[in-house]
Every structure is written in C-alpha cells, then in structure tokens.
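The file upload.cif comes next; it holds mmCIF, C-alpha atoms.
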data_input
#
loop_
_atom_site.label_atom_id
_atom_site.label_comp_id
_atom_site.auth_asym_id
_atom_site.auth_seq_id
_atom_site.Cartn_x
_atom_site.Cartn_y
_atom_site.Cartn_z
CA MET A 589 54.54 122.99 29.45
CA LEU A 590 55.97 119.47 29.61
CA TRP A 591 59.41 120.80 30.44
CA ASP A 592 58.00 122.97 33.21
CA PHE A 593 56.22 119.96 34.68
CA VAL A 594 59.33 117.77 34.55
CA LYS A 595 61.50 120.53 35.99
CA LYS A 596 59.08 121.31 38.84
CA TYR A 597 58.33 117.77 39.98
CA TYR A 598 61.50 115.86 39.09
CA ILE A 599 64.58 117.97 38.36
CA ASP A 600 64.14 120.67 41.01
CA SER A 601 63.57 118.09 43.74
CA ILE A 602 67.05 116.70 43.01
CA VAL A 603 68.95 119.87 42.13
CA TYR A 604 67.59 121.92 45.04
CA LYS A 605 67.16 119.00 47.46
CA GLN A 606 63.49 119.83 48.00
CA GLY A 607 62.56 116.32 49.08
CA TYR A 608 59.84 114.16 47.56
CA ASN A 609 56.49 115.32 46.22
CA PRO A 610 53.42 113.23 45.35
CA VAL A 611 54.26 113.15 41.64
CA ASN A 612 57.85 111.95 41.81
CA THR A 613 56.99 109.62 44.70
CA MET A 614 54.43 107.80 42.55
CA THR A 615 56.80 107.77 39.59
CA TRP A 616 59.71 106.27 41.53
CA ALA A 617 57.32 103.74 43.09
CA VAL A 618 56.13 102.56 39.68
CA ILE A 619 59.70 102.34 38.37
CA LEU A 620 60.71 100.40 41.49
CA VAL A 621 57.91 97.87 41.01
CA LEU A 622 58.73 97.36 37.33
CA ALA A 623 62.45 97.02 38.04
CA ALA A 624 61.80 94.58 40.89
CA ILE A 625 59.61 92.41 38.61
CA LEU A 626 62.31 92.30 35.96
CA ILE A 627 65.07 91.47 38.46
CA TYR A 628 62.94 88.75 40.00
CA LYS A 629 62.28 87.14 36.62
CA VAL A 630 66.00 87.11 35.83
CA LEU A 631 67.06 85.64 39.17
CA ARG A 632 64.23 83.33 40.25
CA LYS A 633 65.63 80.26 38.47
CA LYS A 634 69.19 80.92 39.59
CA ILE A 635 68.94 81.32 43.37
CA ASP A 636 66.69 81.16 46.40
CA PHE A 637 65.90 84.52 47.97
CA ASP A 638 66.79 83.28 51.43
CA GLU A 639 68.80 84.54 54.39
CA LYS A 640 72.08 84.07 52.50
CA PHE A 641 70.84 86.31 49.71
CA ILE A 642 69.97 89.02 52.25
CA VAL A 643 73.34 88.70 54.00
CA GLY A 644 75.18 88.93 50.68
CA ASN A 645 73.35 92.15 49.82
CA VAL A 646 73.78 93.95 53.15
CA PRO A 647 77.31 95.21 52.25
CA PHE A 648 75.94 96.77 49.07
CA ILE A 649 73.13 98.39 51.05
CA LEU A 650 75.77 99.82 53.37
CA LEU A 651 77.77 100.93 50.33
CA GLY A 652 74.82 102.86 48.95
CA SER A 653 74.11 104.48 52.30
CA SER A 654 77.72 105.52 52.90
CA VAL A 655 78.22 106.81 49.35
CA ARG A 656 75.05 108.86 49.79
CA VAL A 657 76.66 110.52 52.83
CA VAL A 658 79.66 111.43 50.65
CA GLU A 659 77.25 113.61 48.67
CA ASP A 660 75.59 114.92 51.85
CA ALA A 661 79.00 116.04 53.09
CA GLY A 662 79.56 118.18 50.00
CA PHE A 663 82.54 116.23 48.67
CA LEU A 664 80.98 116.14 45.20
CA GLN A 665 79.84 118.97 42.98
CA PRO A 666 77.04 119.11 40.39
CA PRO A 667 76.39 117.47 38.01
CA LEU A 668 78.36 114.52 39.43
CA SER A 669 76.65 114.85 42.80
CA TYR A 670 73.22 114.22 41.23
CA PHE A 671 74.22 110.60 40.54
CA PHE A 672 74.79 110.11 44.27
CA MET A 673 71.28 111.24 45.20
CA THR A 674 68.00 109.32 45.19
CA PRO A 675 66.84 107.84 42.86
CA LEU A 676 70.05 107.74 40.78
CA ILE A 677 72.08 106.33 43.69
CA TYR A 678 69.98 103.15 43.52
CA VAL A 679 70.77 102.83 39.81
CA MET A 680 74.48 103.31 40.43
CA ILE A 681 74.66 100.70 43.20
CA PHE A 682 72.58 98.29 41.11
CA CYS A 683 75.06 98.65 38.23
CA ILE A 684 77.81 97.54 40.61
CA ALA A 685 75.95 94.87 42.56
CA PHE A 686 73.95 93.08 39.87
CA PRO A 687 76.85 92.10 37.56
CA THR A 688 78.83 91.08 40.65
CA LEU A 689 75.94 88.88 41.76
CA LEU A 690 75.57 87.19 38.37
CA LEU A 691 79.32 86.56 38.17
CA SER A 692 79.36 85.13 41.70
CA ILE A 693 76.46 82.79 40.88
CA ARG A 694 78.21 81.60 37.73
CA LEU A 695 81.59 81.01 39.37
CA ARG A 696 80.69 79.88 42.88
CA GLY A 697 77.30 78.22 42.63
CA GLU A 698 75.56 77.76 45.97
CA LYS A 699 78.32 79.67 47.80
CA TYR A 700 77.74 82.73 45.63
CA TRP A 701 76.51 84.86 48.54
CA LEU A 702 79.81 84.73 50.40
CA HIS A 703 81.92 85.75 47.41
CA TYR A 704 79.29 88.26 46.30
CA SER A 705 79.48 90.07 49.63
CA ILE A 706 83.27 90.58 49.53
CA PRO A 707 83.37 93.40 46.91
CA GLY A 708 80.53 95.14 48.75
CA LEU A 709 82.41 94.90 52.04
CA ALA A 710 85.61 96.17 50.46
CA LEU A 711 83.98 99.13 48.71
CA SER A 712 81.84 100.16 51.68
CA GLY A 713 84.92 99.87 53.92
CA VAL A 714 86.83 102.27 51.67
CA VAL A 715 83.97 104.79 51.61
CA LEU A 716 83.49 104.61 55.39
CA ALA A 717 87.23 105.03 55.93
CA ILE A 718 87.12 108.20 53.82
CA LEU A 719 84.16 109.55 55.77
CA PHE A 720 85.76 108.92 59.17
CA ALA A 721 89.07 110.37 57.96
CA LYS A 722 87.58 113.53 56.49
CA LEU A 723 84.69 114.29 58.84
CA GLU A 724 84.35 114.86 62.56
CA VAL A 725 82.18 112.48 64.54
CA VAL A 726 79.65 114.77 66.20
CA ASN A 727 76.84 112.44 67.29
CA ALA A 728 78.49 109.08 67.95
CA TRP A 729 75.39 107.82 69.77
CA ILE A 730 73.01 107.91 66.80
CA LEU A 731 73.94 104.75 64.89
CA PRO A 732 74.45 102.37 67.84
CA THR A 733 71.31 103.65 69.58
CA SER A 734 69.20 103.23 66.44
CA LEU A 735 70.56 99.71 65.90
CA LEU A 736 70.10 98.67 69.53
CA LEU A 737 66.53 99.95 69.74
CA ALA A 738 65.71 98.35 66.39
CA ALA A 739 67.16 95.07 67.66
CA ALA A 740 65.14 95.32 70.89
CA PHE A 741 61.89 95.99 69.03
CA SER A 742 62.68 93.16 66.61
CA ALA A 743 63.29 90.75 69.49
CA ALA A 744 59.90 91.77 70.90
CA TYR A 745 58.36 91.28 67.45
CA LYS A 746 59.83 87.77 67.19
CA PHE A 747 58.69 86.83 70.69
CA ILE A 748 55.14 88.11 70.22
CA THR A 749 54.67 86.62 66.74
CA SER A 750 56.08 83.26 67.88
CA LYS A 751 53.26 83.14 70.44
CA LEU A 752 50.43 84.61 68.37
CA TYR A 753 51.20 83.61 64.78
CA ARG A 754 54.38 81.59 64.30
CA PRO A 755 54.69 81.98 60.48
CA MET A 756 55.51 85.68 61.06
CA SER A 757 58.50 84.92 63.30
CA ASN A 758 60.77 83.69 60.50
CA SER A 759 64.19 85.30 60.11
CA LEU A 760 63.41 87.19 56.89
CA SER A 761 60.34 88.83 58.40
CA CYS A 762 62.30 89.75 61.51
CA PHE A 763 64.97 91.37 59.34
CA VAL A 764 62.35 93.36 57.44
CA PHE A 765 60.98 94.58 60.76
CA PHE A 766 64.48 95.38 62.04
CA SER A 767 65.35 97.35 58.89
CA HIS A 768 62.34 99.61 59.16
CA MET A 769 62.80 100.12 62.88
CA VAL A 770 66.33 101.37 62.14
CA ASP A 771 64.78 103.83 59.70
CA GLY A 772 62.03 104.80 62.14
CA TRP A 773 64.37 105.46 65.06
CA ALA A 774 66.87 107.35 62.91
CA THR A 775 64.05 109.60 61.67
CA PHE A 776 62.77 110.13 65.21
CA PHE A 777 66.18 111.13 66.55
CA GLY A 778 67.02 113.38 63.62
CA VAL A 779 63.76 115.33 63.64
CA THR A 780 63.39 115.47 67.43
CA PHE A 781 66.90 116.32 68.56
CA LEU A 782 69.04 117.41 65.62
CA GLY A 783 66.87 119.67 63.47
CA TYR A 784 66.62 117.42 60.42
CA TRP A 785 63.44 117.12 58.36
CA GLU A 786 61.70 114.22 56.64
CA LEU A 787 62.04 114.01 52.84
CA HIS A 788 59.20 111.59 52.07
CA VAL A 789 55.66 112.82 51.57
CA LEU A 790 53.58 110.60 53.88
CA PRO A 791 56.03 110.52 56.84
CA ARG A 792 56.42 114.30 56.51
CA PHE A 793 52.65 114.71 56.76
CA LEU A 794 52.40 112.39 59.78
CA ILE A 795 55.25 114.14 61.58
CA SER A 796 53.74 117.57 60.94
CA ALA A 797 50.36 116.35 62.21
CA PHE A 798 51.40 114.30 65.26
CA GLY A 799 55.09 114.83 65.91
CA PRO A 800 58.20 112.69 65.28
CA TRP A 801 57.16 110.05 67.83
CA ILE A 802 54.47 108.85 65.40
CA MET A 803 57.12 107.20 63.24
CA ILE A 804 57.72 104.39 65.73
CA PRO A 805 54.15 103.10 66.22
CA THR A 806 53.44 103.69 62.54
CA LYS A 807 56.39 101.53 61.52
CA VAL A 808 55.40 98.85 64.03
CA PHE A 809 51.77 98.56 62.95
CA VAL A 810 52.30 99.05 59.21
CA PHE A 811 55.04 96.47 58.88
CA ALA A 812 53.42 94.01 61.25
CA ALA A 813 50.37 94.20 58.95
CA ILE A 814 52.45 93.86 55.78
CA LEU A 815 54.35 90.89 57.17
CA TYR A 816 51.11 89.26 58.27
CA VAL A 817 49.80 89.51 54.72
CA LEU A 818 53.05 88.18 53.24
CA ASP A 819 53.42 85.31 55.70
CA SER A 820 49.77 84.34 55.30
CA SER A 821 50.01 84.29 51.53
CA LYS A 822 49.85 81.06 49.56
CA ASP A 823 51.86 82.57 46.70
CA ASP A 824 55.25 81.24 45.62
CA GLU A 825 57.70 81.36 48.53
CA LYS A 826 60.46 82.73 46.33
CA LEU A 827 58.29 85.67 45.33
CA ILE A 828 57.35 86.40 48.95
CA ASN A 829 61.00 86.30 50.00
CA PHE A 830 61.99 88.61 47.15
CA VAL A 831 59.34 91.12 48.23
CA LYS A 832 60.81 90.96 51.73
CA PHE A 833 64.26 91.66 50.28
CA VAL A 834 62.93 94.78 48.55
CA LEU A 835 61.38 95.89 51.85
CA VAL A 836 64.72 95.36 53.61
CA VAL A 837 66.45 97.63 51.08
CA LEU A 838 63.75 100.32 51.39
CA GLY A 839 64.13 100.36 55.18
CA LEU A 840 67.79 99.67 55.88
CA ALA A 841 69.26 101.87 53.14
CA PRO A 842 67.68 105.17 54.31
CA GLY A 843 68.02 104.14 57.97
CA LEU A 844 71.78 103.63 57.68
CA ARG A 845 72.20 106.70 55.49
CA ASP A 846 70.34 108.93 57.95
CA SER A 847 72.21 107.48 60.94
CA LEU A 848 75.61 107.98 59.27
CA ARG A 849 74.68 111.48 58.09
CA MET A 850 73.67 112.50 61.59
CA THR A 851 76.77 110.88 63.08
CA PHE A 852 78.83 113.43 61.15
CA GLN A 853 76.08 116.09 61.29
CA VAL A 854 76.23 116.89 57.59
#

Write the structure described by the file as structure tokens, please.
Amino acid sequence: MLWDFVKKYYIDSIVYKQGYNPVNTMTWAVILVLAAILIYKVLRKKIDFDEKFIVGNVPFILLGSSVRVVEDAGFLQPPLSYFFMTPLIYVMIFCIAFPTLLLSIRLRGEKYWLHYSIPGLALSGVVLAILFAKLEVVNAWILPTSLLLAAAFSAAYKFITSKLYRPMSNSLSCFVFFSHMVDGWATFFGVTFLGYWELHVLPRFLISAFGPWIMIPTKVFVFAAILYVLDSSKDDEKLINFVKFVLVVLGLAPGLRDSLRMTFQV
C-alpha cells in the first residue's frame, strides 16, 4: 500500500511527466521550507542577503533553467534524466552552488558575490551554447517579450509603490515582482499560443477556470500582497531578504526555463 502511494503521487509524476498533484506539491513545499531554514541558519552570520547576493545567484538560477531544458529536449535518457527534473534539479544545482558560495566567502570576503557568480556564468554559458548549437530557434520572441513585459510591469510596480507605500519600492522587492512576472508572462504565452500546459496544481486550476490571462493579474495581486506583508514586517531584515531570495528563485527559475523551452519548442 505504501509503495503504491509513493509510486502514484511521487514517482509517476516524475517518470511520466504528469505534473504536480496536491500530495507532492505539499511535500516539496515542506521540504523547501525546511531546507531554506537550514540554509539561512548556516549563512546568516556570514553574509547579508542583499542585492549582491541576488546578483551572484542569478547565474546559477539560469544554469538550473537551461539544464532543465536539456532534459526537455530529450538529450538525456532515464534514469539520468530524472535528476534533471523538478525537484531533483534543485538539489543538483544546490550541490554545485552552495560549496562554491562557501568557498567564495572564505577566500574573497565581502567581494564573494562577484567571484561566486563566475562559475555559474561559465557553466550556464556552456549549457546555453549547447542548446543553441543543437536545437533550432523556433520562437525567438518568447524570452525577450517575457523579459520586457516583466520589466515594464516592475517599473509600474516601483512607481506606484514609491507613491503609495515607499518601503515596498526597494530593489529586492522589485526583483521579486520582476521574477514572478517573467514566470506569469511565460505561462500566458505558452498556454495561449503554443499549446503548452501548466504543471502546478493551483495555476492549472485557475487557468482551467478562467483562462491563461488570469495568471497576470493573479501574479500582480498575490505578490503585491506578499511584498506588502514582508516590507511591513518588523522581523529581522536578513530573514526578510532571504525570504525574498527564495521567492526570486521560485519565480525566475521556472520563468526562464519555460521561456527557453518555448524558444526551442521542445
């Protein structure tokens, strides 16, 4: 009975690419929270979770997204391919990024973020070069359009919050908003124009009920509310910034992956 449960809700969703279900969604969410708490406790006395930390991590986010497209394109076969799918892809990138981060902090001190980003840039550059060499660019408009619209909405977010509630207009909050707008627009384009479908449970329900357009206002209102709560909080600033970093990863990683996947239509 236990094996049947595990196979149905966890293994089959990966092996047969069935998308997320309520059971594995809750499980991955709990694991994410526990992992984030542990990482925060290890790093909180070593660094500030500021803009430099975010910038240093962006290449590794891009690395994870581009490596995920390698699996989407069918370059890898089971069981190896399973390690390049969610949630194992996050574990794999973490095993590369985290030791690199700790080594950069130890060797470079306050300038860790610059040296930390270099391996991520190099590795993601190699993966992207492979993708562009091996695959045909079918929808070149997807990625730049998603990024431009996300930037436009983020500029509007910054302008409005600077007038209504200035604490929300800080750069980290703007980047959180930008990251999830990239994800929202990529989802909208993929479902509306290219025949893709949403993997996650709640967005899939909303899209089936209202249509793909619902992703944009949902992202706007949900993350404006989340950022209001975070930027109104009196909790430790480091903790708030680390939560924002996690939100950036959860938005930008799937947004870039989806945009790259649709660029090559794989």

Q. How would you write, as an MDAnalysis selection string, the residues chosen by the PyMOL selection byres ((chain A and resi 644) around 9) on this structure?
A. chainID A and resid 639:643 645:648 689 700:706 708

Q. Separation of CA of Leu752 (chain A) and CA of Leu835 (chain A), in Å?
A.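 Pair CA of Leu752 (chain A) / CA of Leu835 (chain A) returns 22.8 Å.
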
**Q.** Among the residues A:Leu838, A:Arg849, A:Ala743, A:Phe833, the one that comes closest to Tyr784 (chain A) [using only C-alpha atoms]
**A.**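 Among the listed residues, A:Arg849 lies closest to Tyr784 (chain A).
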
Q) Pick the closest to Tyr670 (chain A) from A:Lys634, A:Pro687, A:Ala797, A:Ser601: which is it, counting all atoms listed in the file? A)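 With all atoms listed in the file as the atom set, the closest residue is A:Ser601.
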
Q. Can you list, as a list in words, the residues that the PyMOL selection byres ((chain A and resi 848) around 8) selects here?
A.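 Applying the expression gives Ser653, Ser654, Val657, Ile730, Leu731, Leu844, Arg845, Asp846, Ser847, Arg849, Met850, Thr851 and Phe852 of chain A.
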
(Q) Under the rule that all atoms listed in the file are counted, which of A:Val779, A:Val603, A:Leu818, A:Ala617 is the nearest residue to Gly799 (chain A)? (A)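 Closest candidate: A:Val779.
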
Q: Run through the PyMOL selection byres ((chain A and resi 772) around 8) on the given coordinates and return the selected residues as a PyMOL selection string.
A: chain A and resi 768-771+773-776+803-804+807+843

Q: Find the residues around Ala812 (chain A) up to 10 Å (all atoms listed in the file counted), leave out those fewer than 2 positions away in its own chain, and share them as a PyMOL selection string.
A: chain A and resi 745+749+756+761-762+764-765+806-810+814-818

Q | Distance of CA of Ile828 (chain A) from CA of Asn609 (chain A), expressed in Å to one decimal place | A | 29.1 Å

Q. Separation of CA of Lys832 (chain A) and CA of Ala624 (chain A), in Å?
A. 11.5 Å

Around all the atoms of region 834-844 of chain A listed in the file, with 4 Å of room on each side, what axis-aligned box do you get, giving centre and edge lengths in Å to one decimal, as AutoDock Vina command-line options?
--center_x 66.6 --center_y 100.0 --center_z 53.3 --size_x 18.4 --size_y 18.4 --size_z 17.4

Q: Considering all atoms listed in the file, state which residue in the set A:Leu782, A:Ala685, A:Ile599, A:Val831 is at the smallest distance from Leu650 (chain A).
A: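 Among A:Leu782, A:Ala685, A:Ile599, A:Val831, it is A:Ala685 that comes nearest to Leu650 (chain A).
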